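To be precise, the following lines are data-v2.txt, and they hold compact mmCIF, C-alpha atoms and all ligand atoms.
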```txt
# COMPACT_ATOMS: atom_id res chain seq x y z
CA MET A 12 -45.01 -107.04 63.15
CA PHE A 13 -45.04 -103.26 62.78
CA HIS A 14 -43.61 -103.47 59.28
CA ARG A 15 -46.08 -106.06 58.12
CA ALA A 16 -49.00 -103.95 59.41
CA ALA A 17 -47.57 -100.85 57.75
CA ALA A 18 -47.12 -102.71 54.45
CA GLY A 19 -50.71 -103.95 54.69
CA LEU A 20 -51.98 -100.44 55.22
CA LEU A 21 -49.92 -99.16 52.32
CA LEU A 22 -51.27 -101.89 50.04
CA ALA A 23 -54.85 -101.19 51.13
CA GLY A 24 -54.26 -97.51 50.44
CA LEU A 25 -52.93 -98.22 46.96
CA MET A 26 -55.79 -100.58 46.15
CA SER A 27 -58.47 -98.16 47.28
CA SER A 28 -56.90 -95.25 45.43
CA THR A 29 -56.66 -97.41 42.29
CA ALA A 30 -60.30 -98.39 42.64
CA LEU A 31 -61.41 -94.80 43.11
CA ALA A 32 -59.03 -93.10 40.71
CA ARG A 33 -61.06 -91.07 38.31
CA ASP A 34 -60.14 -88.23 35.98
CA VAL A 35 -62.72 -85.69 34.89
CA VAL A 36 -62.34 -82.57 32.80
CA VAL A 37 -65.00 -79.85 32.92
CA HIS A 38 -65.24 -77.63 29.84
CA ALA A 39 -66.37 -74.26 31.21
CA GLY A 40 -67.71 -71.61 28.82
CA ALA A 41 -66.79 -69.08 31.50
CA LEU A 42 -65.19 -69.60 34.88
CA LEU A 43 -65.56 -67.27 37.86
CA ASP A 44 -62.88 -68.99 39.90
CA GLY A 45 -63.34 -67.26 43.27
CA VAL A 46 -59.99 -65.52 42.84
CA SER A 47 -60.42 -63.10 39.93
CA PRO A 48 -63.46 -60.77 39.74
CA THR A 49 -63.61 -61.22 35.97
CA PRO A 50 -64.44 -64.51 34.22
CA LEU A 51 -61.92 -66.68 32.41
CA LYS A 52 -63.40 -67.63 29.04
CA GLN A 53 -63.34 -71.19 27.63
CA VAL A 54 -61.20 -73.10 30.08
CA SER A 55 -60.83 -76.73 31.13
CA ILE A 56 -60.97 -77.64 34.81
CA LEU A 57 -58.94 -80.79 35.44
CA ILE A 58 -60.15 -83.01 38.28
CA HIS A 59 -58.59 -86.12 39.80
CA ASP A 60 -60.88 -87.95 42.22
CA ASP A 61 -62.29 -85.29 44.56
CA ARG A 62 -59.80 -82.49 43.84
CA VAL A 63 -59.08 -79.88 41.20
CA THR A 64 -55.62 -80.47 39.74
CA GLY A 65 -55.46 -77.63 37.25
CA VAL A 66 -57.20 -75.04 35.09
CA GLN A 67 -56.09 -74.81 31.45
CA PRO A 68 -57.03 -72.41 28.65
CA GLY A 69 -59.18 -73.90 25.90
CA PHE A 70 -61.13 -77.14 25.86
CA VAL A 71 -58.71 -80.02 26.35
CA SER A 72 -59.65 -83.69 26.61
CA PRO A 73 -56.84 -85.69 28.24
CA ALA A 74 -56.85 -89.43 27.45
CA GLY A 75 -58.97 -91.38 29.93
CA ALA A 76 -60.72 -88.32 31.35
CA GLU A 77 -64.50 -88.12 31.40
CA VAL A 78 -65.64 -84.85 29.79
CA VAL A 79 -68.34 -82.76 31.46
CA ASP A 80 -69.60 -80.29 28.88
CA LEU A 81 -70.48 -76.94 30.44
CA SER A 82 -69.09 -75.07 27.44
CA SER A 83 -72.15 -72.83 27.22
CA GLU A 84 -72.42 -72.19 30.98
CA THR A 85 -70.77 -70.09 33.68
CA VAL A 86 -68.96 -72.20 36.26
CA MET A 87 -68.31 -70.98 39.82
CA PRO A 88 -66.92 -72.46 43.01
CA GLY A 89 -69.54 -74.28 45.08
CA PHE A 90 -71.48 -71.76 47.17
CA ILE A 91 -70.92 -71.52 50.94
CA ASP A 92 -73.54 -70.40 53.47
CA CYS A 93 -71.89 -69.27 56.72
CA HIS A 94 -75.06 -69.07 58.79
CA VAL A 95 -77.51 -71.93 58.59
CA HIS A 96 -79.61 -73.94 61.02
CA ILE A 97 -79.95 -77.23 59.18
CA SER A 98 -83.18 -78.37 60.81
CA ALA A 99 -84.90 -74.97 61.02
CA ARG A 100 -88.35 -74.78 59.47
CA LEU A 101 -89.49 -71.70 57.59
CA PRO A 102 -91.88 -69.60 59.67
CA SER A 103 -94.43 -69.84 56.87
CA LYS A 104 -94.41 -73.65 57.18
CA ALA A 105 -94.54 -74.31 60.92
CA ASN A 106 -95.37 -72.62 64.22
CA ALA A 107 -91.96 -72.27 65.88
CA THR A 108 -93.07 -73.01 69.45
CA GLU A 109 -95.26 -75.93 68.44
CA TYR A 110 -92.41 -77.38 66.40
CA ALA A 111 -89.92 -77.06 69.27
CA LEU A 112 -92.26 -78.82 71.66
CA THR A 113 -93.24 -81.65 69.33
CA HIS A 114 -89.89 -82.59 67.73
CA ASN A 115 -86.87 -84.24 69.33
CA ASP A 116 -83.25 -84.43 68.09
CA ILE A 117 -84.01 -87.47 65.92
CA ASP A 118 -86.97 -85.75 64.24
CA ARG A 119 -84.75 -82.74 63.61
CA ALA A 120 -82.04 -84.90 62.04
CA PHE A 121 -84.56 -86.21 59.50
CA ASP A 122 -85.73 -82.67 58.71
CA ALA A 123 -82.10 -81.62 58.38
CA ALA A 124 -81.44 -84.46 55.93
CA VAL A 125 -84.22 -83.08 53.71
CA PHE A 126 -83.11 -79.45 54.00
CA THR A 127 -79.40 -80.15 53.45
CA ARG A 128 -80.20 -82.22 50.36
CA ALA A 129 -82.10 -79.19 49.02
CA MET A 130 -79.23 -76.88 50.00
CA LEU A 131 -76.83 -78.90 47.87
CA GLN A 132 -79.27 -78.74 44.94
CA GLN A 133 -79.24 -74.94 45.27
CA GLY A 134 -75.45 -75.01 44.79
CA PHE A 135 -74.31 -74.84 48.41
CA THR A 136 -71.50 -77.38 48.71
CA SER A 137 -70.42 -76.11 52.15
CA ALA A 138 -72.24 -74.55 55.08
CA ARG A 139 -71.67 -73.51 58.68
CA ASP A 140 -74.41 -74.41 61.17
CA VAL A 141 -74.36 -71.86 63.98
CA GLY A 142 -76.94 -73.21 66.37
CA GLY A 143 -78.35 -76.70 66.71
CA GLY A 144 -78.00 -79.79 68.85
CA ASP A 145 -76.39 -83.20 68.58
CA GLU A 146 -78.33 -83.81 65.36
CA THR A 147 -76.07 -81.31 63.57
CA VAL A 148 -73.00 -83.40 64.39
CA SER A 149 -74.72 -86.59 63.21
CA VAL A 150 -75.93 -85.04 59.96
CA ARG A 151 -72.49 -83.51 59.31
CA ASP A 152 -70.87 -86.91 59.76
CA ALA A 153 -73.50 -88.77 57.72
CA ILE A 154 -72.90 -86.36 54.81
CA ALA A 155 -69.12 -86.68 55.18
CA ASP A 156 -69.45 -90.48 55.14
CA GLY A 157 -71.54 -90.34 51.93
CA LYS A 158 -74.66 -91.75 53.58
CA ILE A 159 -76.83 -88.79 52.56
CA PRO A 160 -76.28 -85.94 50.06
CA GLY A 161 -75.58 -82.50 51.48
CA PRO A 162 -73.02 -79.74 51.89
CA ARG A 163 -69.80 -80.15 53.86
CA LEU A 164 -70.80 -78.91 57.30
CA TRP A 165 -69.04 -77.08 60.11
CA VAL A 166 -71.22 -77.02 63.24
CA SER A 167 -71.26 -75.05 66.49
CA LEU A 168 -73.82 -76.98 68.57
CA GLU A 169 -75.96 -74.83 70.92
CA PRO A 170 -75.13 -71.11 70.99
CA LEU A 171 -73.61 -69.96 74.28
CA GLY A 172 -75.51 -67.22 76.08
CA PRO A 173 -77.06 -66.18 79.36
CA THR A 174 -80.16 -67.24 81.22
CA ALA A 175 -83.11 -65.33 79.69
CA GLY A 176 -81.02 -64.53 76.61
CA HIS A 177 -81.62 -65.28 72.93
CA GLY A 178 -80.27 -68.81 73.31
CA ASP A 179 -82.34 -69.71 76.35
CA ALA A 180 -85.02 -71.98 74.88
CA LYS A 181 -86.93 -71.94 78.16
CA SER A 182 -87.61 -68.20 77.94
CA GLY A 183 -91.30 -67.65 77.40
CA LEU A 184 -92.28 -71.27 78.01
CA ASP A 185 -93.81 -72.94 81.06
CA GLN A 186 -90.85 -72.91 83.46
CA GLY A 187 -91.67 -76.47 84.46
CA LEU A 188 -90.70 -77.74 81.01
CA GLU A 189 -87.24 -79.24 80.61
CA HIS A 190 -85.19 -80.67 77.75
CA PRO A 191 -81.61 -81.93 78.12
CA GLY A 192 -80.40 -79.83 75.19
CA TRP A 193 -81.90 -76.56 76.42
CA ALA A 194 -79.32 -76.08 79.15
CA ASN A 195 -76.30 -76.96 77.00
CA GLY A 196 -75.65 -73.37 75.94
CA ILE A 197 -76.46 -71.50 79.15
CA VAL A 198 -73.50 -69.44 80.36
CA ASP A 199 -73.77 -67.00 83.29
CA THR A 200 -70.12 -66.74 84.40
CA PRO A 201 -66.71 -66.82 82.67
CA GLU A 202 -66.02 -70.14 84.39
CA GLN A 203 -69.19 -71.66 82.88
CA ALA A 204 -68.19 -70.23 79.51
CA ARG A 205 -64.83 -71.99 79.63
CA ILE A 206 -66.47 -75.32 80.54
CA ARG A 207 -69.19 -75.00 77.87
CA VAL A 208 -66.65 -74.35 75.12
CA ARG A 209 -64.71 -77.44 76.18
CA GLU A 210 -67.91 -79.52 76.36
CA HIS A 211 -68.91 -78.40 72.86
CA LYS A 212 -65.47 -79.39 71.60
CA ARG A 213 -65.86 -82.81 73.21
CA ARG A 214 -69.31 -83.27 71.65
CA GLY A 215 -68.01 -82.59 68.15
CA ALA A 216 -68.30 -78.83 67.54
CA ASN A 217 -66.09 -77.28 64.84
CA LEU A 218 -66.69 -73.73 66.01
CA ILE A 219 -68.44 -71.82 68.79
CA LYS A 220 -71.48 -69.56 68.48
CA MET A 221 -72.39 -67.09 71.19
CA MET A 222 -75.23 -64.67 71.83
CA PRO A 223 -73.80 -61.48 73.41
CA SER A 224 -77.02 -59.55 72.75
CA GLY A 225 -80.70 -60.25 72.89
CA GLY A 226 -82.54 -61.38 69.78
CA ILE A 227 -85.67 -60.81 67.74
CA ALA A 228 -87.27 -64.21 67.12
CA SER A 229 -87.26 -65.09 70.83
CA THR A 230 -89.64 -64.25 73.66
CA GLY A 231 -88.63 -62.07 76.57
CA ASP A 232 -85.27 -60.62 75.43
CA ASP A 233 -84.35 -57.30 73.83
CA PRO A 234 -82.12 -57.09 70.72
CA ARG A 235 -80.91 -53.67 71.89
CA GLN A 236 -79.32 -55.00 75.09
CA GLN A 237 -75.86 -56.53 75.60
CA LEU A 238 -76.53 -59.62 77.74
CA MET A 239 -73.08 -61.25 78.08
CA THR A 240 -70.32 -59.51 80.03
CA ASP A 241 -67.10 -58.53 78.28
CA GLU A 242 -65.29 -61.05 80.48
CA GLU A 243 -67.63 -63.89 79.48
CA MET A 244 -67.13 -63.07 75.80
CA LYS A 245 -63.36 -62.92 76.20
CA THR A 246 -63.33 -66.29 77.96
CA VAL A 247 -65.41 -67.88 75.18
CA VAL A 248 -63.12 -66.47 72.50
CA ASP A 249 -59.83 -67.31 74.23
CA THR A 250 -60.91 -70.85 75.12
CA ALA A 251 -62.31 -71.53 71.64
CA HIS A 252 -59.25 -70.14 69.88
CA SER A 253 -56.93 -72.15 72.12
CA LEU A 254 -58.81 -75.26 70.94
CA GLY A 255 -58.56 -74.26 67.26
CA MET A 256 -62.19 -73.18 66.99
CA LYS A 257 -63.51 -69.91 65.57
CA VAL A 258 -66.22 -67.87 67.27
CA ALA A 259 -69.35 -66.50 65.56
CA ALA A 260 -71.34 -63.99 67.58
CA HIS A 261 -75.02 -63.09 67.16
CA ILE A 262 -75.12 -59.36 67.96
CA TYR A 263 -77.28 -56.34 67.18
CA PRO A 264 -76.31 -53.20 69.19
CA ALA A 265 -73.24 -51.20 68.22
CA GLY A 266 -71.75 -51.19 71.72
CA ALA A 267 -72.05 -54.96 72.12
CA ILE A 268 -70.56 -55.52 68.66
CA GLU A 269 -67.60 -53.32 69.56
CA ALA A 270 -67.09 -55.20 72.86
CA ALA A 271 -67.22 -58.56 71.04
CA VAL A 272 -64.81 -57.36 68.36
CA ARG A 273 -62.36 -56.27 71.06
CA ALA A 274 -62.81 -59.70 72.69
CA GLY A 275 -61.65 -61.20 69.39
CA VAL A 276 -64.70 -62.78 67.74
CA ASP A 277 -64.19 -63.94 64.16
CA SER A 278 -67.59 -62.88 62.84
CA VAL A 279 -70.50 -60.67 63.77
CA GLU A 280 -73.77 -62.28 62.70
CA HIS A 281 -76.64 -59.86 61.83
CA GLY A 282 -74.95 -56.68 63.15
CA SER A 283 -78.14 -54.73 62.49
CA PHE A 284 -77.47 -51.62 64.59
CA ALA A 285 -73.82 -51.19 63.66
CA THR A 286 -72.63 -47.66 62.93
CA ALA A 287 -69.81 -46.42 60.70
CA ASP A 288 -67.55 -46.48 63.77
CA THR A 289 -68.54 -50.10 64.48
CA PHE A 290 -67.70 -51.16 60.93
CA ALA A 291 -64.40 -49.25 61.11
CA LEU A 292 -63.46 -51.17 64.27
CA MET A 293 -64.47 -54.47 62.65
CA LYS A 294 -62.38 -53.62 59.60
CA ALA A 295 -59.37 -52.79 61.80
CA HIS A 296 -59.70 -56.14 63.58
CA GLY A 297 -60.42 -58.14 60.41
CA THR A 298 -63.79 -59.22 61.82
CA TYR A 299 -66.30 -60.55 59.30
CA LEU A 300 -69.88 -59.34 58.99
CA VAL A 301 -72.52 -61.96 58.09
CA PRO A 302 -75.61 -59.83 57.29
CA THR A 303 -78.25 -62.64 57.10
CA LEU A 304 -80.75 -60.63 55.02
CA THR A 305 -82.78 -63.72 54.08
CA VAL A 306 -83.96 -64.50 57.59
CA PHE A 307 -85.00 -60.90 58.19
CA GLU A 308 -86.95 -60.77 54.93
CA THR A 309 -88.58 -64.13 55.69
CA PHE A 310 -89.57 -63.25 59.25
CA TYR A 311 -90.72 -59.75 58.32
CA VAL A 312 -93.16 -61.22 55.83
CA ALA A 313 -94.29 -63.84 58.38
CA ALA A 314 -94.80 -61.18 61.08
CA ARG A 315 -96.87 -59.12 58.66
CA ASP A 316 -98.91 -61.95 57.13
CA GLN A 317 -98.90 -64.92 59.56
CA PRO A 318 -97.92 -63.64 63.04
CA GLU A 319 -99.65 -66.65 64.64
CA LEU A 320 -96.85 -68.87 63.31
CA LEU A 321 -94.10 -67.00 65.16
CA THR A 322 -92.92 -67.50 68.71
CA PRO A 323 -95.46 -65.75 70.99
CA GLY A 324 -94.89 -62.02 71.34
CA THR A 325 -92.16 -61.74 68.71
CA ALA A 326 -94.07 -60.35 65.71
CA PRO A 327 -93.79 -56.71 66.92
CA LYS A 328 -90.01 -57.14 67.35
CA GLU A 329 -89.75 -58.51 63.81
CA LEU A 330 -91.75 -55.63 62.34
CA ALA A 331 -89.70 -53.04 64.24
CA ASN A 332 -86.24 -54.43 63.43
CA ASP A 333 -86.19 -56.64 60.32
CA GLN A 334 -85.90 -53.91 57.70
CA LEU A 335 -82.79 -52.35 59.28
CA PRO A 336 -80.06 -54.77 58.07
CA LYS A 337 -80.70 -54.25 54.38
CA ARG A 338 -80.81 -50.50 54.90
CA ASN A 339 -77.48 -50.78 56.74
CA LEU A 340 -75.77 -52.93 54.09
CA PRO A 341 -74.59 -49.99 51.93
CA LEU A 342 -72.84 -48.52 55.01
CA ALA A 343 -71.12 -51.85 55.64
CA ILE A 344 -70.03 -52.09 52.00
CA LYS A 345 -68.73 -48.50 52.03
CA SER A 346 -66.74 -49.18 55.21
CA GLY A 347 -64.78 -51.96 53.52
CA VAL A 348 -65.58 -54.50 56.26
CA LYS A 349 -65.17 -58.12 55.14
CA ILE A 350 -68.56 -59.71 54.36
CA ALA A 351 -69.43 -63.40 54.18
CA LEU A 352 -72.74 -64.81 52.98
CA GLY A 353 -75.15 -66.23 55.53
CA SER A 354 -78.89 -66.79 55.16
CA ASP A 355 -79.82 -67.88 58.73
CA ILE A 356 -82.32 -70.42 57.42
CA GLY A 357 -82.48 -74.22 57.06
CA GLU A 358 -85.54 -75.02 54.96
CA GLY A 359 -85.91 -72.63 52.04
CA ASP A 360 -83.96 -70.82 49.34
CA HIS A 361 -80.42 -70.10 50.53
CA ALA A 362 -79.42 -68.42 47.24
CA GLN A 363 -81.94 -65.70 48.02
CA GLU A 364 -79.12 -64.17 50.09
CA PHE A 365 -77.19 -63.39 46.87
CA THR A 366 -80.29 -61.72 45.44
CA LEU A 367 -80.92 -59.65 48.58
CA MET A 368 -77.30 -58.53 48.98
CA ILE A 369 -77.17 -57.47 45.32
CA ALA A 370 -80.58 -55.75 45.48
CA ASN A 371 -79.35 -53.76 48.48
CA GLY A 372 -76.16 -52.43 46.98
CA MET A 373 -73.55 -55.18 46.65
CA ALA A 374 -71.88 -55.73 43.26
CA PRO A 375 -72.66 -59.23 41.90
CA ALA A 376 -68.94 -60.12 41.79
CA ASP A 377 -68.62 -59.15 45.46
CA ALA A 378 -71.72 -61.16 46.37
CA LEU A 379 -70.11 -64.19 44.72
CA PHE A 380 -66.92 -63.57 46.73
CA ALA A 381 -69.03 -63.28 49.91
CA GLY A 382 -70.53 -66.70 49.16
CA THR A 383 -67.29 -68.41 48.11
CA ARG A 384 -63.82 -67.02 48.86
CA ASN A 385 -64.75 -64.90 51.89
CA ALA A 386 -66.94 -67.60 53.39
CA ALA A 387 -64.11 -70.12 53.04
CA ASP A 388 -61.73 -67.70 54.73
CA LEU A 389 -64.16 -67.12 57.62
CA ILE A 390 -64.58 -70.88 58.09
CA GLY A 391 -60.81 -71.29 57.96
CA ALA A 392 -60.85 -73.66 54.98
CA SER A 393 -59.52 -71.56 52.09
CA ASP A 394 -57.01 -74.28 51.30
CA ARG A 395 -59.88 -76.70 50.52
CA ILE A 396 -62.97 -74.73 49.45
CA GLY A 397 -64.12 -71.35 48.09
CA SER A 398 -62.16 -71.23 44.83
CA VAL A 399 -61.42 -73.29 41.74
CA GLN A 400 -57.69 -73.84 42.05
CA PRO A 401 -55.35 -76.83 42.18
CA GLY A 402 -55.62 -78.66 45.52
CA ARG A 403 -59.16 -77.49 46.31
CA PHE A 404 -62.12 -79.86 46.41
CA ALA A 405 -63.84 -80.17 43.04
CA ASP A 406 -66.88 -78.26 44.30
CA LEU A 407 -68.47 -76.57 41.26
CA VAL A 408 -71.72 -74.84 40.41
CA ALA A 409 -72.84 -73.83 36.90
CA VAL A 410 -75.59 -71.58 35.61
CA LYS A 411 -76.79 -71.03 32.06
CA GLY A 412 -76.47 -67.24 32.02
CA ASP A 413 -74.04 -64.63 33.29
CA PRO A 414 -74.61 -64.05 37.03
CA LEU A 415 -72.60 -60.81 36.92
CA SER A 416 -75.06 -59.17 34.51
CA ASP A 417 -78.13 -61.22 35.52
CA PRO A 418 -78.05 -61.87 39.30
CA SER A 419 -81.21 -63.99 39.12
CA GLN A 420 -78.85 -66.72 37.85
CA PHE A 421 -77.69 -67.36 41.43
CA GLU A 422 -81.13 -68.83 42.12
CA LYS A 423 -81.17 -70.91 38.90
CA VAL A 424 -78.36 -73.38 39.43
CA ASP A 425 -78.16 -75.89 36.57
CA PHE A 426 -75.23 -78.08 37.69
CA VAL A 427 -73.68 -79.02 41.04
CA MET A 428 -70.55 -81.05 41.69
CA LYS A 429 -69.20 -81.71 45.18
CA GLY A 430 -65.88 -83.47 45.65
CA GLY A 431 -65.92 -84.62 42.01
CA THR A 432 -69.39 -86.21 42.26
CA VAL A 433 -72.20 -84.66 40.20
CA TYR A 434 -75.32 -84.05 42.30
CA ARG A 435 -77.28 -81.94 39.82
CA ARG A 436 -77.23 -81.86 36.05
CA ASN A 437 -79.47 -80.16 33.47
CA GLY A 438 -81.39 -78.50 36.27
CA ALA A 439 -82.39 -81.73 38.04
CA PRO A 440 -80.94 -83.96 40.76
CA THR A 441 -78.78 -86.87 39.61
CA ALA A 442 -79.20 -90.23 41.38
CA ALA A 443 -76.49 -89.13 43.84
CA GLY A 444 -78.27 -85.80 44.36
CA ALA A 445 -81.57 -87.55 45.08
CA GLY A 446 -79.81 -89.71 47.66
CA GLU A 447 -80.32 -92.95 45.72
ZN ZN B 1 -79.08 -67.90 63.25
```
Kindly return the structure encoded in the file as structure tokens.
Amino acid sequence: MFHRAAAGLLLAGLMSSTALARDVVVHAGALLDGVSPTPLKQVSILIHDDRVTGVQPGFVSPAGAEVVDLSSETVMPGFIDCHVHISARLPSKANATEYALTHNDIDRAFDAAVFTRAMLQQGFTSARDVGGGDETVSVRDAIADGKIPGPRLWVSLEPLGPTAGHGDAKSGLDQGLEHPGWANGIVDTPEQARIRVREHKRRGANLIKMMPSGGIASTGDDPRQQLMTDEEMKTVVDTAHSLGMKVAAHIYPAGAIEAAVRAGVDSVEHGSFATADTFALMKAHGTYLVPTLTVFETFYVAARDQPELLTPGTAPKELANDQLPKRNLPLAIKSGVKIALGSDIGEGDHAQEFTLMIANGMAPADALFAGTRNAADLIGASDRIGSVQPGRFADLVAVKGDPLSDPSQFEKVDFVMKGGTVYRRNGAPTAAGAGE
């Protein structure tokens, strides 16, 4: 009985792998492989099904392999955004409070399907959602099942944080309003923190996000205050790590960052008020910084030009704080802290983060590492994504120029392949990329 079932499974496995078996060779004019800072010239990337099997010098065409001609382009690993909110609207497109009160999880899943499809077209073949609801799990799984096009997703579900903190959706609203999801992240004791982490795991989270400090785009809290206790943070980190999940922490003030780093967080998101000492401590602990310059630029412009679209009372906080992170980036770079790319947007241009990091002092090669190799390391998936090497997913992006000498290329992606499937070619979505 057992043997017959096993043989059946084996046969089914062989048949499906035969049906899917596909060899592709990509002729790359230049390859920035996510390992070396300098390009390899004129190489062939060998792909079997969804994985890279080798990189060879010169343009080779093995028998039976489909040739993808990118011989006049620069090929890179698929980009990775470590800080997205897949259903988040741009502030210039929707009033945040009105949107929150007129859209449920199902509405948000449909918005997320549109924004993740666009993300993939921009070259982002992987992304980490650090704050959403059950719709993030559903969209992640729908993409993984091939039902809709989008990046591979790692999701945190609702950020954990205190009552009246940055993650408390009820802050600033009529206190009589309720939504089941709003309470999912509220943590006011270490015991609650332990339970919330376990609940998130049960509901499908890949990682945990927490909000140790106040925020900017939220009513009633102060980005300069630490709002979670050291003990709460430590409980979140220890429980998450024991369950194999990493912890991303939204934090602004130096003291709160240092407390979170000592508690063992894997990444500091934003980190706007970090000092040289803060970065030195992060470097010593191997903690990543995810600067999220795109969201600050986007919200600064909205606060200046369309304050009525922001959450009530938040425009002054945006104007006072949003220019600090880019001014602080050179200090972070100088400190040698590890940096991963994160835009903190859903709708919109995620590759803008490359442009902003480079415009504010990062070398283009390092920006590419931030959005590929480093991001993969932070996610904990370097064995699958973030570089073009044997065994990794065939996640490739190509541009027509040289992104190291012309950084605007990061925002002009010509070709996108994810897991061996081409989603964009000649600057336009393929049928797979359009979701057909
Ligand atoms: Zn965020």
Select, from A:Ile227, A:Met244, A:Ala291, A:Ala138, the residue with the minimum atom-to-atom distance to Asn332 in chain A, counting only C-alpha atoms.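 Ranking A:Ile227, A:Met244, A:Ala291, A:Ala138 by distance to Asn332 in chain A, first place goes to A:Ile227.
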Mind checking which residues fall within 8 Å of Arg209 in chain A, counting all atoms listed in the file, ignoring those fewer than 3 positions away in the same chain, and posting them as a VMD selection string? chain A and resid 205 to 206 212 to 213 250 to 251
I'd like the interatomic distance between CA of Asp92 in chain A and CA of Pro191 in chain A, to a tenth of an Å.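 Answer for the CA of Asp92 in chain A to CA of Pro191 in chain A separation: 28.4 Å.
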Within 9 Å of range 101-108 of chain A, counting only C-alpha atoms, which residues qualify if same-chain residues fewer than 6 places away don't, as a ChimeraX atom specification? /A:184,309-310,312-313,317,319-323,356-359
Interatomic distance, CA of Leu171 in chain A to CA of Gly144 in chain A (Å, one decimal):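 Pair CA of Leu171 in chain A / CA of Gly144 in chain A returns 12.1 Å.
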Considering all atoms listed in the file, return as an MDAnalysis selection string whatever protein or nucleic-acid residues lie within 12 Å of His252 in chain A, sequence-local ones (same chain, fewer than 5 positions apart) excluded. chainID A and resid 205 208:209 212 217:219 245:247 257:259 274:277
Atomic separation - CA of Gly142 in chain A relative to CA of Ala326 in chain A, Å: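 Between CA of Ala326 in chain A and CA of Gly142 in chain A the gap works out to 21.4 Å.
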Sphere at (-68.0, -67.3, 56.3), radius 7 Å, counting all atoms listed in the file: residues as JSON, numbers by chain: {"A": [92, 93, 351, 352, 385, 386, 387, 388, 389, 390]}
All residues having an atom within 9 Å of ligand ZN 1 (chain B) (all atoms listed in the file) as a PyMOL selection string: chain A and resi 94-96+140-142+261+280-281+303+306+353-356
Of the listed residues A:Leu292, A:Val63, A:Ala376, A:Ala439, that which approaches Val272 in chain A most closely, counting only C-alpha atoms: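 So, comparing all the options, the nearest one is A:Leu292.
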Which polymer residues, whether protein, DNA or RNA, lie within 12 Å of the coordinate (-74.7, -88.5, 67.1) when you count all atoms listed in the file? List them as a list of chain:residue names, using the chain letters and numbers from the file.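 The requested residues, written out, are A:Asp116, A:Ile117, A:Ala120, A:Gly144, A:Asp145, A:Glu146, A:Thr147, A:Val148, A:Ser149, A:Val150, A:Arg151, A:Asp152, A:Ala153, A:Leu168, A:Arg214, A:Gly215, A:Ala216.
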Tell me which of A:Asp417, A:Asp249, A:Asp179, A:Asp425 sits closest to Asn437 in chain A, counting all atoms listed in the file.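 Going through A:Asp417, A:Asp249, A:Asp179, A:Asp425 one by one, the smallest distance to Asn437 in chain A is for A:Asp425.
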Which residues, written as JSON, numbers by chain, have at least one atom at most 7 Å from Gly172 in chain A, with all atoms listed in the file counted and residues fewer than 3 positions away on the same chain left out? {"A": [176, 178, 196, 197, 198, 221, 222, 223, 239]}
Given the choices A:Ala155, A:Leu335, A:Asp232, A:Ser137, which gets closest to Ala180 in chain A if the distance is worked out from only C-alpha atoms?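 Comparing A:Ala155, A:Leu335, A:Asp232, A:Ser137 against Ala180 in chain A, the winner is A:Asp232.
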Check the smallest atom-to-atom distance from each of A:Ser398, A:Ser283, A:Gln237, A:Ser98 to Asp44 in chain A using all atoms listed in the file, then report the winner. A:Ser398
From A:Glu364, A:Glu329, A:Glu447, A:Asp122, residue lying nearest Ser229 in chain A [only C-alpha atoms]: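 Among A:Glu364, A:Glu329, A:Glu447, A:Asp122, it is A:Glu329 that comes nearest to Ser229 in chain A.
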Using all atoms listed in the file, tabulate the residues of range 211-273 of chain A lying at most 12 Å from any atom of range 285-289 of chain A, each with its closest atom pair and that distance in Å to one decimal, by chain and increasing residue number, as JSON lines.
```
{"residue": "A:Arg235", "atom": "CA", "partner": "A:Ala285", "partner_atom": "CA", "distance": 11.1}
{"residue": "A:Ile262", "atom": "CA", "partner": "A:Ala285", "partner_atom": "CA", "distance": 9.3}
{"residue": "A:Tyr263", "atom": "CA", "partner": "A:Ala285", "partner_atom": "CA", "distance": 7.1}
{"residue": "A:Pro264", "atom": "CA", "partner": "A:Ala285", "partner_atom": "CA", "distance": 6.4}
{"residue": "A:Ala265", "atom": "CA", "partner": "A:Ala285", "partner_atom": "CA", "distance": 4.6}
{"residue": "A:Gly266", "atom": "CA", "partner": "A:Thr289", "partner_atom": "CA", "distance": 8.0}
{"residue": "A:Ala267", "atom": "CA", "partner": "A:Ala285", "partner_atom": "CA", "distance": 9.4}
{"residue": "A:Ile268", "atom": "CA", "partner": "A:Thr289", "partner_atom": "CA", "distance": 7.1}
{"residue": "A:Glu269", "atom": "CA", "partner": "A:Thr289", "partner_atom": "CA", "distance": 6.1}
{"residue": "A:Ala270", "atom": "CA", "partner": "A:Thr289", "partner_atom": "CA", "distance": 9.9}
{"residue": "A:Ala271", "atom": "CA", "partner": "A:Thr289", "partner_atom": "CA", "distance": 10.8}
{"residue": "A:Val272", "atom": "CA", "partner": "A:Thr289", "partner_atom": "CA", "distance": 9.0}
{"residue": "A:Arg273", "atom": "CA", "partner": "A:Thr289", "partner_atom": "CA", "distance": 10.9}
```
Shell around Ala370 in chain A at 12 Å using only C-alpha atoms, local window under 6 positions removed, as number ranges by chain: A: 304-305, 337-338, 340-341, 363-364, 378, 417-419
